[in-house]
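Below is target20.cif, which holds mmCIF, N, CA and C atoms.
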```cif
data_my_file
loop_
_atom_site.label_atom_id
_atom_site.label_comp_id
_atom_site.auth_asym_id
_atom_site.auth_seq_id
_atom_site.Cartn_x
_atom_site.Cartn_y
_atom_site.Cartn_z
N MET A 157 115.09 123.63 113.95
CA MET A 157 113.95 122.74 113.81
C MET A 157 114.30 121.56 112.90
N GLN A 158 115.08 121.84 111.86
CA GLN A 158 115.46 120.78 110.92
C GLN A 158 116.30 119.70 111.62
N LYS A 159 117.20 120.12 112.49
CA LYS A 159 118.05 119.15 113.19
C LYS A 159 117.24 118.30 114.17
N ILE A 160 116.22 118.90 114.79
CA ILE A 160 115.38 118.14 115.72
C ILE A 160 114.60 117.08 114.95
N LYS A 161 114.05 117.45 113.80
CA LYS A 161 113.32 116.49 112.97
C LYS A 161 114.26 115.39 112.48
N GLN A 162 115.45 115.79 112.09
CA GLN A 162 116.45 114.83 111.61
C GLN A 162 116.83 113.85 112.72
N LEU A 163 117.05 114.35 113.91
CA LEU A 163 117.41 113.51 115.04
C LEU A 163 116.25 112.59 115.43
N LEU A 164 115.04 113.11 115.47
CA LEU A 164 113.87 112.32 115.84
C LEU A 164 113.63 111.18 114.84
N PHE A 165 113.66 111.49 113.55
CA PHE A 165 113.46 110.45 112.54
C PHE A 165 114.55 109.38 112.62
N SER A 166 115.78 109.80 112.81
CA SER A 166 116.88 108.84 112.89
C SER A 166 116.75 107.95 114.12
N PHE A 167 116.42 108.55 115.24
CA PHE A 167 116.27 107.79 116.48
C PHE A 167 115.12 106.79 116.38
N LEU A 168 113.97 107.23 115.90
CA LEU A 168 112.83 106.33 115.76
C LEU A 168 113.11 105.22 114.76
N THR A 169 113.82 105.55 113.70
CA THR A 169 114.21 104.53 112.73
C THR A 169 115.12 103.49 113.36
N PHE A 170 116.08 103.95 114.15
CA PHE A 170 116.99 103.02 114.81
C PHE A 170 116.24 102.09 115.75
N ILE A 171 115.37 102.64 116.58
CA ILE A 171 114.64 101.83 117.56
C ILE A 171 113.74 100.80 116.87
N ALA A 172 112.95 101.26 115.92
CA ALA A 172 112.01 100.36 115.24
C ALA A 172 112.75 99.30 114.42
N SER A 173 113.78 99.70 113.69
CA SER A 173 114.48 98.72 112.85
C SER A 173 115.32 97.77 113.69
N TYR A 174 115.88 98.24 114.81
CA TYR A 174 116.62 97.33 115.68
C TYR A 174 115.70 96.25 116.23
N TYR A 175 114.53 96.68 116.69
CA TYR A 175 113.57 95.71 117.20
C TYR A 175 113.16 94.72 116.11
N PHE A 176 112.84 95.23 114.94
CA PHE A 176 112.40 94.38 113.83
C PHE A 176 113.50 93.40 113.42
N PHE A 177 114.72 93.90 113.22
CA PHE A 177 115.81 93.04 112.79
C PHE A 177 116.17 92.00 113.86
N SER A 178 116.17 92.41 115.13
CA SER A 178 116.52 91.44 116.17
C SER A 178 115.46 90.35 116.26
N LEU A 179 114.22 90.70 116.07
CA LEU A 179 113.14 89.71 116.09
C LEU A 179 113.28 88.73 114.92
N ILE A 180 113.47 89.27 113.74
CA ILE A 180 113.56 88.43 112.54
C ILE A 180 114.84 87.60 112.55
N LEU A 181 115.99 88.25 112.78
CA LEU A 181 117.26 87.52 112.76
C LEU A 181 117.34 86.49 113.89
N GLY A 182 116.87 86.86 115.06
CA GLY A 182 116.88 85.91 116.17
C GLY A 182 116.03 84.69 115.87
N GLY A 183 114.88 84.92 115.26
CA GLY A 183 114.01 83.80 114.88
C GLY A 183 114.61 82.94 113.78
N LEU A 184 115.17 83.60 112.77
CA LEU A 184 115.73 82.82 111.66
C LEU A 184 116.98 82.04 112.06
N LEU A 185 117.83 82.64 112.88
CA LEU A 185 119.06 81.95 113.28
C LEU A 185 118.80 80.83 114.28
N SER A 186 117.69 80.88 115.00
CA SER A 186 117.42 79.85 115.99
C SER A 186 116.56 78.70 115.44
N ILE A 187 116.20 78.75 114.17
CA ILE A 187 115.38 77.69 113.58
C ILE A 187 116.05 76.31 113.67
N PRO A 188 117.35 76.18 113.36
CA PRO A 188 117.95 74.84 113.41
C PRO A 188 118.04 74.23 114.81
N PHE A 189 117.88 75.05 115.83
CA PHE A 189 118.02 74.57 117.21
C PHE A 189 116.65 74.30 117.81
N SER A 190 116.66 73.74 118.97
CA SER A 190 115.39 73.48 119.66
C SER A 190 114.80 74.80 120.16
N SER A 191 113.89 74.74 121.06
CA SER A 191 113.23 75.95 121.54
C SER A 191 114.17 76.85 122.35
N ASP A 192 115.32 76.35 122.76
CA ASP A 192 116.27 77.15 123.53
C ASP A 192 117.56 77.32 122.73
N PRO A 193 117.70 78.41 121.96
CA PRO A 193 118.92 78.58 121.15
C PRO A 193 120.12 78.92 122.03
N PRO A 194 121.33 78.61 121.56
CA PRO A 194 122.53 78.95 122.34
C PRO A 194 122.72 80.47 122.42
N ASN A 195 123.52 80.88 123.38
CA ASN A 195 123.73 82.31 123.61
C ASN A 195 124.41 83.00 122.44
N TRP A 196 125.27 82.31 121.71
CA TRP A 196 125.98 82.96 120.61
C TRP A 196 125.01 83.35 119.49
N ILE A 197 123.90 82.66 119.35
CA ILE A 197 122.90 83.04 118.36
C ILE A 197 122.29 84.39 118.73
N ILE A 198 122.00 84.57 119.99
CA ILE A 198 121.41 85.82 120.47
C ILE A 198 122.41 86.97 120.30
N VAL A 199 123.68 86.71 120.59
CA VAL A 199 124.70 87.74 120.44
C VAL A 199 124.88 88.11 118.97
N ILE A 200 124.95 87.14 118.09
CA ILE A 200 125.12 87.41 116.66
C ILE A 200 123.92 88.19 116.11
N SER A 201 122.71 87.77 116.47
CA SER A 201 121.53 88.50 115.98
C SER A 201 121.49 89.92 116.54
N GLY A 202 121.93 90.11 117.76
CA GLY A 202 121.97 91.45 118.35
C GLY A 202 122.97 92.36 117.66
N ILE A 203 124.17 91.82 117.37
CA ILE A 203 125.19 92.61 116.69
C ILE A 203 124.76 92.95 115.27
N ALA A 204 124.25 91.95 114.55
CA ALA A 204 123.79 92.19 113.17
C ALA A 204 122.63 93.18 113.16
N SER A 205 121.73 93.07 114.11
CA SER A 205 120.60 94.00 114.19
C SER A 205 121.08 95.42 114.47
N PHE A 206 122.07 95.54 115.35
CA PHE A 206 122.62 96.86 115.66
C PHE A 206 123.27 97.48 114.44
N VAL A 207 124.04 96.69 113.70
CA VAL A 207 124.71 97.21 112.50
C VAL A 207 123.68 97.64 111.45
N LEU A 208 122.68 96.80 111.19
CA LEU A 208 121.67 97.14 110.20
C LEU A 208 120.84 98.36 110.63
N ALA A 209 120.46 98.42 111.89
CA ALA A 209 119.68 99.55 112.38
C ALA A 209 120.51 100.84 112.35
N SER A 210 121.79 100.74 112.66
CA SER A 210 122.67 101.92 112.60
C SER A 210 122.80 102.42 111.17
N TYR A 211 122.93 101.50 110.22
CA TYR A 211 123.03 101.90 108.82
C TYR A 211 121.74 102.60 108.37
N LEU A 212 120.59 102.06 108.75
CA LEU A 212 119.33 102.69 108.37
C LEU A 212 119.17 104.06 109.02
N ALA A 213 119.55 104.19 110.29
CA ALA A 213 119.46 105.48 110.97
C ALA A 213 120.40 106.49 110.32
N TYR A 214 121.60 106.06 109.92
CA TYR A 214 122.53 106.94 109.22
C TYR A 214 121.96 107.38 107.88
N THR A 215 121.34 106.46 107.16
CA THR A 215 120.73 106.79 105.87
C THR A 215 119.61 107.80 106.06
N VAL A 216 118.79 107.60 107.07
CA VAL A 216 117.71 108.55 107.34
C VAL A 216 118.30 109.90 107.73
N TRP A 217 119.36 109.91 108.51
CA TRP A 217 120.01 111.16 108.90
C TRP A 217 120.47 111.93 107.67
N LYS A 218 121.10 111.21 106.74
CA LYS A 218 121.59 111.86 105.52
C LYS A 218 120.45 112.32 104.61
N LYS A 219 119.41 111.49 104.49
CA LYS A 219 118.30 111.82 103.59
C LYS A 219 117.43 112.95 104.11
N THR A 220 117.31 113.07 105.42
CA THR A 220 116.46 114.12 105.97
C THR A 220 117.20 115.44 106.13
N GLY A 221 118.51 115.44 106.01
CA GLY A 221 119.27 116.68 106.06
C GLY A 221 119.11 117.44 104.76
N ILE A 222 119.10 118.75 104.86
CA ILE A 222 118.92 119.58 103.67
C ILE A 222 120.25 120.20 103.30
N ASN A 223 120.66 119.97 102.08
CA ASN A 223 121.84 120.61 101.52
C ASN A 223 121.37 121.92 100.90
N ASN A 224 121.97 123.02 101.24
CA ASN A 224 121.50 124.32 100.77
C ASN A 224 121.68 124.50 99.26
N ASN A 225 122.52 123.72 98.62
CA ASN A 225 122.76 123.87 97.19
C ASN A 225 121.72 123.17 96.33
N THR A 226 121.05 122.18 96.87
CA THR A 226 120.10 121.42 96.07
C THR A 226 118.74 121.40 96.74
N LYS A 227 117.71 121.21 95.92
CA LYS A 227 116.35 121.07 96.44
C LYS A 227 116.10 119.59 96.71
N PRO A 228 115.29 119.30 97.71
CA PRO A 228 114.95 117.90 97.96
C PRO A 228 114.17 117.32 96.78
N SER A 229 114.48 116.11 96.42
CA SER A 229 113.82 115.47 95.29
C SER A 229 112.50 114.85 95.73
N GLN A 230 111.76 114.35 94.75
CA GLN A 230 110.51 113.68 95.05
C GLN A 230 110.76 112.44 95.91
N GLY A 231 111.82 111.71 95.61
CA GLY A 231 112.15 110.53 96.40
C GLY A 231 112.43 110.86 97.86
N THR A 232 113.07 111.99 98.10
CA THR A 232 113.35 112.41 99.47
C THR A 232 112.06 112.69 100.23
N TYR A 233 111.13 113.38 99.58
CA TYR A 233 109.84 113.64 100.22
C TYR A 233 109.11 112.33 100.51
N ILE A 234 109.06 111.45 99.53
CA ILE A 234 108.35 110.19 99.72
C ILE A 234 108.99 109.37 100.83
N PHE A 235 110.32 109.26 100.81
CA PHE A 235 111.03 108.46 101.80
C PHE A 235 110.84 109.04 103.21
N THR A 236 110.97 110.35 103.34
CA THR A 236 110.90 110.97 104.65
C THR A 236 109.50 110.85 105.26
N VAL A 237 108.48 111.19 104.47
CA VAL A 237 107.12 111.15 105.00
C VAL A 237 106.70 109.70 105.25
N ALA A 238 107.05 108.79 104.34
CA ALA A 238 106.68 107.39 104.53
C ALA A 238 107.35 106.81 105.78
N LEU A 239 108.61 107.12 105.96
CA LEU A 239 109.32 106.60 107.13
C LEU A 239 108.77 107.20 108.42
N GLY A 240 108.56 108.49 108.43
CA GLY A 240 108.05 109.14 109.64
C GLY A 240 106.67 108.63 110.02
N LEU A 241 105.76 108.57 109.06
CA LEU A 241 104.41 108.11 109.36
C LEU A 241 104.39 106.61 109.65
N GLY A 242 105.23 105.85 108.94
CA GLY A 242 105.29 104.40 109.18
C GLY A 242 105.78 104.06 110.57
N VAL A 243 106.84 104.72 111.00
CA VAL A 243 107.38 104.47 112.35
C VAL A 243 106.38 104.92 113.41
N PHE A 244 105.76 106.08 113.20
CA PHE A 244 104.76 106.57 114.16
C PHE A 244 103.58 105.60 114.25
N ALA A 245 103.07 105.16 113.10
CA ALA A 245 101.93 104.24 113.09
C ALA A 245 102.30 102.90 113.70
N PHE A 246 103.53 102.43 113.43
CA PHE A 246 103.98 101.17 114.02
C PHE A 246 104.03 101.27 115.54
N ILE A 247 104.58 102.36 116.06
CA ILE A 247 104.71 102.52 117.51
C ILE A 247 103.33 102.61 118.16
N ILE A 248 102.43 103.37 117.54
CA ILE A 248 101.07 103.49 118.08
C ILE A 248 100.36 102.13 118.03
N GLY A 249 100.47 101.43 116.89
CA GLY A 249 99.80 100.15 116.75
C GLY A 249 100.41 99.05 117.60
N PHE A 250 101.70 99.15 117.89
CA PHE A 250 102.36 98.12 118.68
C PHE A 250 102.13 98.34 120.18
N PHE A 251 102.38 99.56 120.64
CA PHE A 251 102.30 99.82 122.07
C PHE A 251 100.90 100.20 122.54
N GLY A 252 100.04 100.69 121.65
CA GLY A 252 98.67 101.05 122.02
C GLY A 252 97.90 99.89 122.63
N PRO A 253 97.84 98.74 121.94
CA PRO A 253 97.13 97.61 122.53
C PRO A 253 97.78 97.09 123.82
N LEU A 254 99.10 97.22 123.93
CA LEU A 254 99.76 96.79 125.16
C LEU A 254 99.37 97.66 126.35
N ILE A 255 99.14 98.94 126.09
CA ILE A 255 98.78 99.86 127.16
C ILE A 255 97.29 99.77 127.48
N PHE A 256 96.43 99.79 126.45
CA PHE A 256 94.99 99.89 126.67
C PHE A 256 94.31 98.54 126.86
N MET A 257 94.88 97.46 126.34
CA MET A 257 94.30 96.13 126.51
C MET A 257 95.42 95.13 126.79
N PRO A 258 96.00 95.15 127.97
CA PRO A 258 97.14 94.28 128.26
C PRO A 258 96.79 92.79 128.26
N GLU A 259 95.53 92.45 128.42
CA GLU A 259 95.16 91.03 128.42
C GLU A 259 95.07 90.45 127.01
N SER A 260 95.11 91.30 126.00
CA SER A 260 95.05 90.84 124.61
C SER A 260 96.41 90.26 124.22
N ASN A 261 96.42 88.99 123.81
CA ASN A 261 97.70 88.35 123.50
C ASN A 261 98.17 88.63 122.08
N GLN A 262 97.33 89.20 121.23
CA GLN A 262 97.73 89.48 119.85
C GLN A 262 97.77 90.98 119.57
N GLY A 263 97.83 91.79 120.60
CA GLY A 263 97.82 93.23 120.43
C GLY A 263 98.96 93.78 119.59
N PRO A 264 100.21 93.38 119.83
CA PRO A 264 101.32 93.94 119.04
C PRO A 264 101.25 93.60 117.55
N LEU A 265 100.51 92.57 117.19
CA LEU A 265 100.40 92.23 115.77
C LEU A 265 99.72 93.35 114.99
N LEU A 266 98.91 94.15 115.64
CA LEU A 266 98.28 95.28 114.98
C LEU A 266 99.34 96.22 114.40
N GLY A 267 100.36 96.53 115.18
CA GLY A 267 101.42 97.41 114.71
C GLY A 267 102.30 96.77 113.67
N ILE A 268 102.59 95.47 113.86
CA ILE A 268 103.51 94.79 112.95
C ILE A 268 102.87 94.54 111.59
N LEU A 269 101.61 94.13 111.59
CA LEU A 269 100.99 93.71 110.33
C LEU A 269 100.07 94.74 109.69
N ILE A 270 99.53 95.68 110.47
CA ILE A 270 98.53 96.58 109.89
C ILE A 270 98.98 98.04 109.92
N THR A 271 99.17 98.60 111.11
CA THR A 271 99.42 100.04 111.17
C THR A 271 100.80 100.44 110.66
N GLY A 272 101.83 99.62 110.88
CA GLY A 272 103.16 99.94 110.37
C GLY A 272 103.21 99.98 108.85
N PRO A 273 102.86 98.87 108.18
CA PRO A 273 102.84 98.90 106.71
C PRO A 273 101.83 99.90 106.14
N GLY A 274 100.69 100.03 106.80
CA GLY A 274 99.70 101.02 106.33
C GLY A 274 100.22 102.44 106.44
N GLY A 275 100.94 102.73 107.51
CA GLY A 275 101.53 104.06 107.68
C GLY A 275 102.59 104.34 106.64
N ILE A 276 103.37 103.33 106.28
CA ILE A 276 104.38 103.52 105.23
C ILE A 276 103.71 103.79 103.89
N ALA A 277 102.67 103.02 103.57
CA ALA A 277 101.97 103.22 102.29
C ALA A 277 101.31 104.60 102.23
N LEU A 278 100.58 104.97 103.29
CA LEU A 278 99.94 106.28 103.31
C LEU A 278 100.97 107.41 103.33
N GLY A 279 102.09 107.19 104.02
CA GLY A 279 103.15 108.20 104.04
C GLY A 279 103.79 108.39 102.69
N ALA A 280 103.96 107.32 101.94
CA ALA A 280 104.52 107.44 100.59
C ALA A 280 103.58 108.23 99.68
N ILE A 281 102.30 107.94 99.78
CA ILE A 281 101.31 108.69 98.98
C ILE A 281 101.29 110.15 99.42
N GLY A 282 101.31 110.37 100.74
CA GLY A 282 101.31 111.74 101.26
C GLY A 282 102.57 112.51 100.87
N GLY A 283 103.72 111.83 100.86
CA GLY A 283 104.96 112.49 100.45
C GLY A 283 104.93 112.89 98.99
N ALA A 284 104.37 112.03 98.15
CA ALA A 284 104.26 112.36 96.72
C ALA A 284 103.31 113.55 96.52
N ILE A 285 102.21 113.57 97.25
CA ILE A 285 101.27 114.69 97.15
C ILE A 285 101.91 115.97 97.66
N LEU A 286 102.62 115.90 98.78
CA LEU A 286 103.30 117.07 99.33
C LEU A 286 104.33 117.62 98.34
N TRP A 287 105.11 116.75 97.72
CA TRP A 287 106.10 117.18 96.74
C TRP A 287 105.43 117.85 95.55
N GLU A 288 104.33 117.30 95.09
CA GLU A 288 103.60 117.88 93.95
C GLU A 288 103.05 119.26 94.31
N ILE A 289 102.53 119.42 95.50
CA ILE A 289 102.02 120.73 95.93
C ILE A 289 103.15 121.75 95.97
N LYS A 290 104.29 121.37 96.55
CA LYS A 290 105.44 122.29 96.62
C LYS A 290 105.95 122.63 95.23
N ARG A 291 105.99 121.64 94.34
CA ARG A 291 106.47 121.87 92.98
C ARG A 291 105.56 122.84 92.24
N ARG A 292 104.26 122.69 92.41
CA ARG A 292 103.31 123.59 91.74
C ARG A 292 103.40 125.01 92.31
N LYS A 293 103.62 125.13 93.62
CA LYS A 293 103.78 126.45 94.21
C LYS A 293 105.03 127.15 93.67
N GLU A 294 106.13 126.41 93.58
CA GLU A 294 107.37 126.98 93.04
C GLU A 294 107.21 127.35 91.57
N LYS A 295 106.50 126.53 90.83
CA LYS A 295 106.28 126.81 89.43
C LYS A 295 105.43 128.07 89.26
N LYS A 296 104.42 128.25 90.13
CA LYS A 296 103.56 129.41 90.08
C LYS A 296 104.33 130.67 90.44
N ILE A 297 105.24 130.57 91.43
CA ILE A 297 106.04 131.72 91.86
C ILE A 297 107.02 132.13 90.77
N ASN A 298 107.60 131.18 90.08
CA ASN A 298 108.61 131.45 89.05
C ASN A 298 108.01 131.99 87.76
N GLN A 299 106.72 131.91 87.58
CA GLN A 299 106.12 132.40 86.33
C GLN A 299 105.93 133.88 86.32
#
```

Can you turn what I pasted into C-alpha cells?
Amino acid sequence: MQKIKQLLFSFLTFIASYYFFSLILGGLLSIPFSSDPPNWIIVISGIASFVLASYLAYTVWKKTGINNNTKPSQGTYIFTVALGLGVFAFIIGFFGPLIFMPESNQGPLLGILITGPGGIALGAIGGAILWEIKRRKEKKINQ
C-alpha cells in the first residue's frame, strides 16, 4: 500500500508540476517575442519543465517513502498531506469546470488560483494536525 501511495503522489506531482512549469516558463521565455514564439523557446521550456517536474517527483518519492529506522517527522506529514490534497484539489478545480461547464472560458482558473493553493494550505494544516494526533497517541502508549 505504501508503494502505491508513493507512486501515485509522485506521478500526480510530476503531471501537475510539468504542466505548471511549462505554462510559466513558456510564457516567460516568449515575452520578448511577438505572439508567435520560435520553436526553440517551446523546446527549451519543455526540457526545463521536464527536469524541474522530474526533480519534484523524485523528491516526493523520497519524502513519502518510509525508512524503517526512523519515524516520519512533522515536516514529512505536512509536506505529504499538503502535496496530496493540493494536487487533488488542483486537478478537481482545473478539470471539473472543463467537464461540467465547457462553455465557461475561465473555468481552469478555479484550479489554478483557488482550489490548488487552498488544497495546499488545508493539507498543510491537516498534516500538522495528523502528526500531532499520532504523536499524542504514541506518547500515551509509551507512558

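Here the question is which of A:Gly279, A:Phe167, A:Glu294, A:Ile160 gets nearest to A:Tyr214 using only N, CA and C atoms, and that residue is A:Phe167.
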
Mind running stretch 210-272 of chain A against stretch 170-190 of chain A at 7 Å and telling me each contacting residue's nearest atom pair with the distance in Å (one decimal), counting only C-alpha atoms, chain and number ascending, as a Markdown table?
```
| residue | atom | partner | partner_atom | distance |
| --- | --- | --- | --- | --- |
| A:Ser210 | CA | A:Phe170 | CA | 6.2 |
| A:Leu212 | CA | A:Phe170 | CA | 6.9 |
| A:Ala213 | CA | A:Phe170 | CA | 5.2 |
| A:Val243 | CA | A:Ala172 | CA | 6.8 |
```

Å distance separating atom CA of A:Ile255 from atom N of A:Gly240, one decimal place: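 Separation of atom CA of A:Ile255 and atom N of A:Gly240: 22.8 Å.
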
Report as a short mmCIF file (atom, residue, chain, number, x, y, z; two decimals) with N, CA and C atoms, in the coordinates of the input all protein, DNA and RNA residues lying within 8 Å of A:Lys219, evaluated on all atoms listed in the file, omitting residues in the same chain fewer than 6 positions from it.
```cif
data_model
loop_
_atom_site.label_atom_id
_atom_site.label_comp_id
_atom_site.auth_asym_id
_atom_site.auth_seq_id
_atom_site.Cartn_x
_atom_site.Cartn_y
_atom_site.Cartn_z
N GLN A 162 115.45 115.79 112.09
CA GLN A 162 116.45 114.83 111.61
C GLN A 162 116.83 113.85 112.72
N ALA A 213 119.55 104.19 110.29
CA ALA A 213 119.46 105.48 110.97
C ALA A 213 120.40 106.49 110.32
N THR A 232 113.07 111.99 98.10
CA THR A 232 113.35 112.41 99.47
C THR A 232 112.06 112.69 100.23
N TYR A 233 111.13 113.38 99.58
CA TYR A 233 109.84 113.64 100.22
C TYR A 233 109.11 112.33 100.51
N PHE A 235 110.32 109.26 100.81
CA PHE A 235 111.03 108.46 101.80
C PHE A 235 110.84 109.04 103.21
N THR A 236 110.97 110.35 103.34
CA THR A 236 110.90 110.97 104.65
C THR A 236 109.50 110.85 105.26
#
```

Neighbours of A:Phe244 within 9 Å (only C-alpha atoms; same-chain residues fewer than 4 positions away dropped), as a PyMOL selection string? chain A and resi 168+239-240+248-249+271-272+275

Please report as a tab-separated table every residue of stretch 194-280 of chain A lying within 12 Å of stretch 289-292 of chain A, along with the nearest atom pair and their distance in Å (one decimal), using only C-alpha atoms.
```
residue	atom	partner	partner_atom	distance
A:Lys227	CA	A:Arg291	CA	10.5
A:Pro228	CA	A:Lys290	CA	10.6
A:Ser229	CA	A:Arg291	CA	10.0
A:Gln230	CA	A:Arg291	CA	9.4
A:Tyr233	CA	A:Lys290	CA	10.4
```

May I have all residues of stretch 171-286 of chain A that DSSP, computed from the backbone, assigns to alpha helix (DSSP H), given as a PyMOL selection string? chain A and resi 171-185+195-220+230-256+265+272-286

Name the residues that the PyMOL selection byres (((chain A and resi 269 and name CA) around 12) and name CA) pulls out of this structure, and write them as a list in words.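 Going through the file, the PyMOL selection byres (((chain A and resi 269 and name CA) around 12) and name CA) ends up selecting Phe176, Gly242, Ala245, Phe246, Ile247, Gly249, Phe250, Gln262, Gly263, Pro264, Leu265, Leu266, Gly267, Ile268, Ile270, Thr271, Gly272, Pro273, Gly274, Gly275 and Ile276 of chain A.
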
A:Ile234 environment, 7 Å, only N, CA and C atoms, sequence neighbours closer than 6 positions dropped, as a count of residues only: 7

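Straight-line separation from atom CA of A:Phe256 to atom N of A:Leu241: 22.4 Å.
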
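Counting only N, CA and C atoms, the residue from A:Ala277, A:Leu164, A:Val199, A:Ile297 that sits nearest to A:Ala238 is A:Ala277.
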
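Reported to one decimal place, the separation of atom CA of A:Val216 from atom CA of A:Gln158 is 12.9 Å.
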